[in-house]
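Some notes on the structure that comes next.
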Amino acid sequence: MIELISQHPFAAAVLALVSLGLVFGALLGFASVKFKTEGDPIADQVESLLPQTQCGQCGYPGCRPYAEAIANGDDINKCPPGGEATIAALADLLGVEAKPLDAVEESVPSVAYIREDECIGCTKCIQACPVDAILGSAKHMHTVIASECTGCDLCVEPCPVDCIEMRPIETTLQTWHWDKPAATEDIIASDRPSAKPSAAA
Amino acid sequence: MIQIRDIHGGIHPPENKLQSLGEPIRPAGIPAQLILPLSQHIGAPAAPVVSVGDRVLKGQKIAEAKGFVSAPVHAPTSGTVVAIEPRVIPHPSGMSAPCIIINSDGQDEWVNHQGISDYTAVDKNTLISTIREAGIAGMGGAGFPSAVKLSGGQDKPIQTLILNGTECEPYITADDILMRERAGQIIAGAEILRHLIEPQETLIGIEDNKPEAIAAMRAAAEGTGIEIVSFPTKYPSGGEKQLIQILTGKEVPSGGLPSDVGIVCQNIGTAQAIYRAVNHGEPLISRVTTVTGNACGSPRNYEVLLGTPVQYLLDQSAFNASDCIRLIMGGPMMGYTLQDTAVPVVKTTNCILAPTVEELPPPPPAQACIRCGMCAEVCPVSLLPQQMYWFSRAQEHDKLEEHNLFDCIECGACSYACPSHIPLVQYYRASKAEIRQAQQDKIKAERSKERFEARQARIEREAAEKEAKRKARLEAAKARQAEAVKGDSKQDIIQAAIARSQAKKSGDADPAQAAIARAQAARNGTAVEETREEKQQRLEKLLASTTKRLAAAQEKLAQAEGNNDDNIAAFRTAVEKTSAKLAATQKELDELKSSTDGAAPTDDPAAAAIARAQAKRSGQAPAESEQEKTQRITAQIASTEKRLAAAQDKLATAKANGDDKADAFATAVTKTQEKLDALRAELAAITPTTATPATPVEDDPAAQAIARAMAARAESAGMSEREKAEKNIASLQARVEKTAAKLRAAQESGDDNAEILATSLDKMRDKLTAAEQALAALREEEN
Ligand code: SF4
Ligand code: SF4
Ligand code: SF4
Ligand code: SF4
């Protein structure tokens, strides 16, 4: 055997490379089966950053489809409920440039409210709500479970008697917090609006 | 003698304490009105136990603790509860919260109360609950319920009890004067705490800028084993964690509590309140508050009833509003601006500061950070304020948390030291709130996602189930068909049918069999023409059985109505259906008979009556006038519409419940809709002026509803005055009948709504009469 190899170096080299190739190929193949990742990890990560309002304002039927679209290269600035904060987080995750929001304005966090004495109990809103946040049964008054409502707006349109309205979430003592100071540090003193009159004088 | 350590950083702002120390504590008196917020502590707000109009006595509990971390509220003087409503409370937001408002009667009449003469003789839990019931909450500033601190740490051994008499913030002298004047009570309170906690050592920390207080306390603590420790003045040594570090050298871990390192820390004011509660049975109804600042003519300390409006205190202190640049609750470093002088003094209010412009000028505009590092030098927690400032501006929450933003005690030392006057601490406060908000949002998003996915799964499952059921039905039908074909293989299907129909004719055949045979025959397209007699016989039989069924159904309905059963509606539909079927059968039979020998005599008078009515309706009666027809069709449309609405509702419910009858209901809706359209078309044909737009039959019920509404509007637009009036009357009559039925039901069941129903019925009747009169007038005009 050794003699054979020493006599045919070329064949020996080919043989060695082929057998190495086979061994590593098998190893890689095994690893790819054994350590296969389920699902789409990037879409999962993206989805975890989206606000899960499920409102469809991004043009996709829910947050998951939009997350998948982003993973496949769609723009990251289509989610009005998430706003700038979500865009920044997405830009950070995907290593792309943050863009301004692709909508007129960031949607204010709000919650649906059913004017209960106007409700005719048609159950249409229940069918529209993506998170089952409306309670009621046929011909009976319906109401919104405010803590579960994502403020997605989807129940407003189907109501035949227009008794659902979106109310902005009010600040309470529990949710109140300090605002960030207006950053005037970056403007030199003489350029500040308040400093101008004295500078002109 | 204890060894004192130093803390990192710290600043030395002007102390400004002497102004308010010139005079002893003076009772502020009883204001005309007291405002007592239900939430003066950290934790759940208390729940009121008095109602408006109640007379309350001094010390009476007016709101009780709700939950473990909560504290009750007591009436600070006798008087009357005049309101329980939201009022502006002392809070940086300037928002309102529920308060109990008491108008004092000036008598200051105490409720029955009694102290515990020997607290060592009672159970510790009783003692703790006495403290809890007295409503004592940390009086140093945070307002954490004291009983919670005392009962929480029983599993962890406590080595050191620390009483905080530091009072490091400028201007405030409430604790200082309390130690000077009531050292005995404080030490007595400390003894109670010692008895409860059983620490190895008890330390009272006082900054060395209060020599009188130290002397008084030392004298009072003589021989008790309580050690009074004085240490150099520096802001913010009074922070709980900072004081612990100064006195013991131990550091409370990030995010941990003092009890994690075997220490309990209480304010000296709290100790005094505990003494009053235990030894005298007096709840926390007053506190010592400093009123100071150069805008006050006579700064001093007051013993203030909780709930006293700030304005009342300022009035006693020769306050000059025009000099005051801003009114601060708390000290100049950590206090907040009050927008309203009507806010009350609460358990945590240690100071009201009214500075002039010269004293506390508004901060000069912030300049760019020059990266001098002064902020990091003064931070008592050894944070990196400069880094955190940049991260806060860039919203980098992860980085902020990595830099231990949540360990920042918001002391403001960094802002004070910053030569660029950057309001650093405001950034940290805002960022903390942002991060907390983001965490909340994250939790909510998770839950929304879960709910969304659960719903999605449910919808899919329902669809799959429906599909499976449909398939099963299809299979079953196929199998049945195959069997039928196999069973009839010997004979021709036609022959079988004939045989069966003949058998039936002979009277002893199974009617179900016959029906199946008929259906089968019809499906195979080989139905045999029934002979006239056969048909008549069959119809008569059907008529008889249907009449019987109708009677039974009516009986059931009557019974149900008597019992006020839930199933009334179902029975009613059953009766309706059965009578409809009866009418149809009767009609068929009549037709059959009239085509052979004209009217046939019937035995059953009821059936005869029905037959007559039927005959009349089906056009044997003298021709309807155009008007009558219009009216009839309009009425029919109305009833069909009602039926359609009912069917749609059923469909919606079925869909919502995932009922498998939804398909059937959908067909029903479509059919009813078609019928309605036909009727409308008929109506349009009669009244060519009335253009009824074709109603699109769509699957979407909303679209249908809109279409219906539009059609109705178009119809009424095209109608003449009189037609409108007629329609109006028809609908009014229907409503009157319905209401009358409801009223009867309500009266039977003794419902409270009966009265309302009766009134509305009267109103409707009035309307109906008016409408009828209007119609009569119209008719006259026309004729
Ligand atoms: S209640 Fe309305 S707004 Fe709220 S989640 Fe449901 S559909 Fe959206
Ligand atoms: S859609 Fe409107 S009317 Fe129908 S149940 Fe909902 S709230 Fe009531
Ligand atoms: S003290 Fe002010 S200027 Fe100096 S490093 Fe800190 S933030 Fe910047
Ligand atoms: S406010 Fe926070 S960061 Fe600034 S000095 Fe105090 S503890 Fe340090």
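In the structure tokens, the first chain shown is A, the next is B, and so on; residue numbers restart at 1 for each chain, and ligands run from 1 in the order shown.
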Quiz prompt | chain B contacts to chain A at 6 Å (only C-alpha atoms) as a PyMOL selection string | solution = chain B and resi 366-368+427+430+433+445+449+451-452+653
Quiz prompt | All residues having an atom within 6 Å of ligand 3 (only C-alpha atoms and all ligand atoms) as a VMD selection string | solution = chain B and resid 369 to 375 386 418 to 420
Please dump the current selection as a JSON list (two decimals), in the first residue's frame; keep N, CA, C and O atoms.
```
[["chain", "number", "residue", "atom", "x", "y", "z"],
["B", 369, "CYS", "N", -21.63, 70.48, 26.31],
["B", 369, "CYS", "CA", -20.78, 69.77, 27.27],
["B", 369, "CYS", "C", -19.32, 69.91, 26.85],
["B", 369, "CYS", "O", -18.98, 69.69, 25.69],
["B", 370, "ILE", "N", -18.51, 70.31, 27.81],
["B", 370, "ILE", "CA", -17.10, 70.49, 27.47],
["B", 370, "ILE", "C", -16.25, 69.31, 27.93],
["B", 370, "ILE", "O", -15.03, 69.33, 27.91],
["B", 371, "ARG", "N", -16.91, 68.28, 28.34],
["B", 371, "ARG", "CA", -16.25, 67.03, 28.77],
["B", 371, "ARG", "C", -15.20, 67.28, 29.85],
["B", 371, "ARG", "O", -14.10, 66.75, 29.80],
["B", 372, "CYS", "N", -15.60, 68.09, 30.81],
["B", 372, "CYS", "CA", -14.67, 68.40, 31.89],
["B", 372, "CYS", "C", -14.63, 67.29, 32.94],
["B", 372, "CYS", "O", -13.67, 67.16, 33.69],
["B", 373, "GLY", "N", -15.71, 66.53, 33.05],
["B", 373, "GLY", "CA", -15.73, 65.44, 34.01],
["B", 373, "GLY", "C", -16.11, 65.86, 35.41],
["B", 373, "GLY", "O", -16.04, 65.05, 36.34],
["B", 374, "MET", "N", -16.53, 67.12, 35.60],
["B", 374, "MET", "CA", -16.93, 67.57, 36.94],
["B", 374, "MET", "C", -18.10, 66.75, 37.47],
["B", 374, "MET", "O", -18.17, 66.45, 38.66],
["B", 375, "CYS", "N", -19.00, 66.41, 36.57],
["B", 375, "CYS", "CA", -20.21, 65.69, 36.98],
["B", 375, "CYS", "C", -19.83, 64.33, 37.57],
["B", 375, "CYS", "O", -20.38, 63.92, 38.59],
["B", 386, "GLN", "N", -21.77, 62.11, 32.42],
["B", 386, "GLN", "CA", -21.54, 62.64, 31.08],
["B", 386, "GLN", "C", -21.92, 61.61, 30.02],
["B", 386, "GLN", "O", -22.62, 61.93, 29.05],
["B", 418, "CYS", "N", -22.17, 71.06, 37.05],
["B", 418, "CYS", "CA", -21.85, 71.21, 35.63],
["B", 418, "CYS", "C", -21.58, 72.67, 35.27],
["B", 418, "CYS", "O", -22.46, 73.52, 35.43],
["B", 419, "PRO", "N", -20.40, 72.99, 34.80],
["B", 419, "PRO", "CA", -20.11, 74.38, 34.44],
["B", 419, "PRO", "C", -20.87, 74.84, 33.21],
["B", 419, "PRO", "O", -21.00, 76.04, 32.96],
["B", 420, "SER", "N", -21.39, 73.89, 32.45],
["B", 420, "SER", "CA", -22.18, 74.26, 31.27],
["B", 420, "SER", "C", -23.66, 74.37, 31.59],
["B", 420, "SER", "O", -24.49, 74.56, 30.70]]
```
Quiz prompt | Surroundings of ligand 4 up to 12 Å, based on only C-alpha atoms and all ligand atoms, as a ChimeraX atom specification | solution = /B:7-11,235-237,239,241-242,333-334,373-389,392,400,403-418,422-429,431-432
Quiz prompt | Residue nearest ligand 1 - candidates B:Met329, B:Ala741, B:Arg447, B:Glu133, atoms counted: only C-alpha atoms and all ligand atoms | solution = B:Arg447
Quiz item: To one decimal place, how far is atom CA of Ile134 of chain A from atom 7 (S, counted along the ligand's line) of ligand 1 in Å?
Solution: 7.5 Å
Would you kindly return, as a PDB file with N, CA and C atoms, in the first residue's frame, each protein, DNA or RNA residue with an atom no farther than 8 Å from any atom of Pro170 of chain B, considering only C-alpha atoms and excluding same-chain residues fewer than 3 positions away?
```pdb
ATOM      1  N   PRO B  13     -23.433  72.934  48.620  1.00  0.00           N
ATOM      2  CA  PRO B  13     -24.215  74.131  48.282  1.00  0.00           C
ATOM      3  C   PRO B  13     -24.434  74.960  49.536  1.00  0.00           C
ATOM      4  N   PRO B  14     -24.718  76.263  49.387  1.00  0.00           N
ATOM      5  CA  PRO B  14     -24.984  77.104  50.563  1.00  0.00           C
ATOM      6  C   PRO B  14     -26.122  76.506  51.389  1.00  0.00           C
ATOM      7  N   GLU B  15     -25.925  76.472  52.713  1.00  0.00           N
ATOM      8  CA  GLU B  15     -26.871  75.710  53.530  1.00  0.00           C
ATOM      9  C   GLU B  15     -28.194  76.417  53.773  1.00  0.00           C
ATOM     10  N   ASN B  16     -28.120  77.742  54.037  1.00  0.00           N
ATOM     11  CA  ASN B  16     -29.352  78.503  54.213  1.00  0.00           C
ATOM     12  C   ASN B  16     -30.302  77.901  55.233  1.00  0.00           C
ATOM     13  N   LYS B  17     -29.773  77.384  56.319  1.00  0.00           N
ATOM     14  CA  LYS B  17     -30.655  76.737  57.287  1.00  0.00           C
ATOM     15  C   LYS B  17     -30.995  77.658  58.450  1.00  0.00           C
ATOM     16  N   GLY B 331     -36.737  70.654  48.958  1.00  0.00           N
ATOM     17  CA  GLY B 331     -35.596  71.556  48.965  1.00  0.00           C
ATOM     18  C   GLY B 331     -35.226  72.019  47.571  1.00  0.00           C
ATOM     19  N   PRO B 332     -34.213  72.872  47.482  1.00  0.00           N
ATOM     20  CA  PRO B 332     -33.821  73.411  46.182  1.00  0.00           C
ATOM     21  C   PRO B 332     -33.189  72.357  45.267  1.00  0.00           C
ATOM     22  N   MET B 333     -32.657  71.277  45.823  1.00  0.00           N
ATOM     23  CA  MET B 333     -31.997  70.280  44.991  1.00  0.00           C
ATOM     24  C   MET B 333     -32.978  69.258  44.430  1.00  0.00           C
TER      25      MET B 333
END
```
Quiz prompt | DSSP strand (DSSP E or B) residues within segment 94-130 of chain A, listed as an MDAnalysis selection string | solution = chainID A and resid 110:114
Self-check item: Nearby residues (only C-alpha atoms) at most 12 Å from Ile42 of chain A, same-chain spacing under 3 positions excluded, as a list in words
Solution: Thr37, Glu38, Gly39, Gln45, Val46, Glu47, Ser48, Leu49, Arg64, Ala67, Glu68, Ala69, Ile70, Ala71, Asn72, Gly73, Leu90, Leu93 and Leu94 of chain A
Keeping only C-alpha atoms, write those residues as an mmCIF file, in the first residue's frame.
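And here is the file that came out, result.cif:
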```cif
data_model
loop_
_atom_site.group_PDB
_atom_site.id
_atom_site.type_symbol
_atom_site.label_atom_id
_atom_site.label_comp_id
_atom_site.auth_asym_id
_atom_site.auth_seq_id
_atom_site.Cartn_x
_atom_site.Cartn_y
_atom_site.Cartn_z
ATOM 1 C CA THR A 37 -32.738 26.814 12.808
ATOM 2 C CA GLU A 38 -36.494 26.772 12.772
ATOM 3 C CA GLY A 39 -38.252 29.634 11.087
ATOM 4 C CA GLN A 45 -36.020 39.534 15.861
ATOM 5 C CA VAL A 46 -37.681 42.192 13.755
ATOM 6 C CA GLU A 47 -41.081 41.112 14.951
ATOM 7 C CA SER A 48 -40.027 41.427 18.563
ATOM 8 C CA LEU A 49 -39.314 45.116 17.921
ATOM 9 C CA ARG A 64 -45.611 39.322 11.559
ATOM 10 C CA ALA A 67 -41.540 41.634 9.965
ATOM 11 C CA GLU A 68 -41.075 39.019 7.268
ATOM 12 C CA ALA A 69 -41.185 41.699 4.592
ATOM 13 C CA ILE A 70 -38.504 43.685 6.429
ATOM 14 C CA ALA A 71 -36.376 40.571 6.697
ATOM 15 C CA ASN A 72 -36.737 40.300 2.928
ATOM 16 C CA GLY A 73 -35.606 43.847 2.382
ATOM 17 C CA LEU A 90 -34.905 48.427 13.613
ATOM 18 C CA LEU A 93 -30.789 45.723 14.565
ATOM 19 C CA LEU A 94 -30.391 45.581 10.811
#
```
